[in-house]
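K.L.:
Dropping in start05.pdb, which is PDB, C-alpha atoms, pLDDT in the B column:
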ATOM      1  CA  MET A   1     108.261 114.017  89.675  1.00 75.00           C
ATOM      2  CA  ASP A   2     108.320 113.047  93.345  1.00 87.00           C
ATOM      3  CA  VAL A   3     107.220 109.428  93.610  1.00 91.00           C
ATOM      4  CA  GLN A   4     108.189 107.552  96.765  1.00 92.00           C
ATOM      5  CA  VAL A   5     108.070 103.927  97.864  1.00 93.00           C
ATOM      6  CA  GLY A   6     104.658 103.243  99.386  1.00 93.00           C
ATOM      7  CA  ASP A   7     102.749 105.639  97.117  1.00 94.00           C
ATOM      8  CA  THR A   8      99.918 104.532  94.871  1.00 95.00           C
ATOM      9  CA  ILE A   9      99.940 105.846  91.315  1.00 95.00           C
ATOM     10  CA  ILE A  10      96.984 106.117  88.981  1.00 96.00           C
ATOM     11  CA  THR A  11      98.045 105.712  85.357  1.00 95.00           C
ATOM     12  CA  LYS A  12      96.609 106.939  82.063  1.00 95.00           C
ATOM     13  CA  LYS A  13      96.654 103.429  80.573  1.00 92.00           C
ATOM     14  CA  GLN A  14      95.095 100.380  82.173  1.00 92.00           C
ATOM     15  CA  HIS A  15      96.775  97.116  83.076  1.00 92.00           C
ATOM     16  CA  PRO A  16      95.417  94.148  81.058  1.00 94.00           C
ATOM     17  CA  CYS A  17      93.355  93.121  84.123  1.00 94.00           C
ATOM     18  CA  GLY A  18      91.459  96.440  83.883  1.00 93.00           C
ATOM     19  CA  SER A  19      92.974  98.315  86.838  1.00 94.00           C
ATOM     20  CA  ASN A  20      94.885 101.590  86.587  1.00 95.00           C
ATOM     21  CA  ARG A  21      96.069 101.729  90.233  1.00 96.00           C
ATOM     22  CA  PHE A  22      99.583 100.549  91.085  1.00 96.00           C
ATOM     23  CA  PHE A  23     101.528 100.392  94.373  1.00 96.00           C
ATOM     24  CA  VAL A  24     105.158 101.597  94.164  1.00 96.00           C
ATOM     25  CA  LEU A  25     107.643  99.035  95.533  1.00 96.00           C
ATOM     26  CA  ARG A  26     110.956 100.436  94.259  1.00 95.00           C
ATOM     27  CA  VAL A  27     112.101 103.812  92.947  1.00 95.00           C
ATOM     28  CA  GLY A  28     115.300 104.576  91.066  1.00 93.00           C
ATOM     29  CA  ILE A  29     116.339 104.487  87.436  1.00 94.00           C
ATOM     30  CA  ASP A  30     113.640 101.787  87.178  1.00 95.00           C
ATOM     31  CA  PHE A  31     110.354 101.547  89.028  1.00 95.00           C
ATOM     32  CA  ARG A  32     108.912  98.309  90.396  1.00 97.00           C
ATOM     33  CA  ILE A  33     105.146  98.590  90.684  1.00 96.00           C
ATOM     34  CA  ARG A  34     102.427  96.137  91.744  1.00 97.00           C
ATOM     35  CA  CYS A  35      98.920  96.116  90.279  1.00 96.00           C
ATOM     36  CA  GLU A  36      96.408  96.582  93.102  1.00 95.00           C
ATOM     37  CA  THR A  37      93.825  94.324  91.439  1.00 95.00           C
ATOM     38  CA  CYS A  38      95.715  91.228  90.276  1.00 95.00           C
ATOM     39  CA  GLY A  39      98.989  91.604  92.238  1.00 95.00           C
ATOM     40  CA  ARG A  40     101.308  91.281  89.226  1.00 96.00           C
ATOM     41  CA  GLU A  41     104.633  93.093  89.646  1.00 96.00           C
ATOM     42  CA  VAL A  42     106.206  94.976  86.746  1.00 94.00           C
ATOM     43  CA  MET A  43     109.546  96.746  86.436  1.00 96.00           C
ATOM     44  CA  LEU A  44     109.585  99.717  84.053  1.00 95.00           C
ATOM     45  CA  PRO A  45     112.025 102.542  83.239  1.00 96.00           C
ATOM     46  CA  ARG A  46     111.491 105.848  85.049  1.00 94.00           C
ATOM     47  CA  VAL A  47     110.922 107.773  81.786  1.00 94.00           C
ATOM     48  CA  LYS A  48     108.053 105.506  80.731  1.00 94.00           C
ATOM     49  CA  ILE A  49     106.347 105.630  84.151  1.00 93.00           C
ATOM     50  CA  GLU A  50     106.643 109.418  84.497  1.00 92.00           C
ATOM     51  CA  LYS A  51     104.921 109.940  81.123  1.00 95.00           C
ATOM     52  CA  ASN A  52     102.102 107.573  82.104  1.00 94.00           C
ATOM     53  CA  ILE A  53     101.260 108.900  85.621  1.00 95.00           C
ATOM     54  CA  LYS A  54      97.905 110.638  85.934  1.00 95.00           C
ATOM     55  CA  LYS A  55      97.868 111.106  89.734  1.00 95.00           C
ATOM     56  CA  ILE A  56      99.968 110.187  92.791  1.00 94.00           C
ATOM     57  CA  VAL A  57      98.121 109.148  95.946  1.00 92.00           C
ATOM     58  CA  ARG A  58     100.273 109.353  99.079  1.00 86.00           C
ATOM     59  CA  GLU A  59      99.817 106.639 101.694  1.00 72.00           C
ATOM     60  CA  SER A  60      98.313 109.171 104.152  1.00 65.00           C
ATOM     61  CA  GLU A  61      95.785 110.654 101.661  1.00 57.00           C
ATOM     62  CA  PRO A  62      92.354 109.154 100.985  1.00 60.00           C
ATOM     63  CA  VAL A  63      91.352 108.335  97.391  1.00 57.00           C
TER      64      VAL A  63
END
If you convert what's in this file into structure tokens, what do you get?
P.N.:
Amino acid sequence: MDVQVGDTIITKKQHPCGSNRFFVLRVGIDFRIRCETCGREVMLPRVKIEKNIKKIVRESEPV
């Protein structure tokens, strides 16, 4: 899966605040993502994120 820093990902599961859109801050063995609604940052393993991604929105694409 080709996720890059600066992309927005839409996940299958929601964050506790109710949002399912996250901004990608770091990519590697772990991903650091920021919730677009509440601003909380989370660091998760690549395997877990890749299973949970519904859609990738590039920074140049509209929603």
K.L.:
Quick one: everything within 12 Å of Asn52 of chain A, counting only C-alpha atoms, minus sequence neighbours fewer than 6 positions away in the same chain. Send it as a ChimeraX atom specification.
P.N.:
/A:1,9-15,20-22,44-46
K.L.:
With the file shown as input, list the residues that the PyMOL selection byres ((chain A and resi 26) around 9) selects, as number ranges by chain.
P.N.:
A: 4-6, 24-25, 27-28, 30-33, 43
K.L.:
Work out how far atom CA of Val47 of chain A is from atom CA of Gly18 of chain A, in Å to one decimal.
P.N.:
22.6 Å
K.L.:
Between atom CA of Pro16 of chain A and atom CA of Val57 of chain A, what distance in Å does the model show, to one decimal?
P.N.:
21.3 Å
K.L.:
Please indicate the distance in Å from atom CA of Glu59 of chain A to atom CA of Glu36 of chain A, rounded to one decimal place.
P.N.:
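Atom CA of Glu59 of chain A sits 13.7 Å away from atom CA of Glu36 of chain A.
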K.L.:
Which of these residues is nearest to Glu41 of chain A, using only C-alpha atoms: A:Phe23, A:Asp7, A:Ile56, A:Ile29?
P.N.:
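Of A:Phe23, A:Asp7, A:Ile56, A:Ile29, the one nearest Glu41 of chain A is A:Phe23, counting only C-alpha atoms.
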K.L.:
List the neighbours of Cys17 of chain A out to 9 Å using all atoms listed in the file; skip same-chain residues closer than 5 positions along the sequence, and give me the result as a VMD selection string.
P.N.:
chain A and resid 35 37 to 38
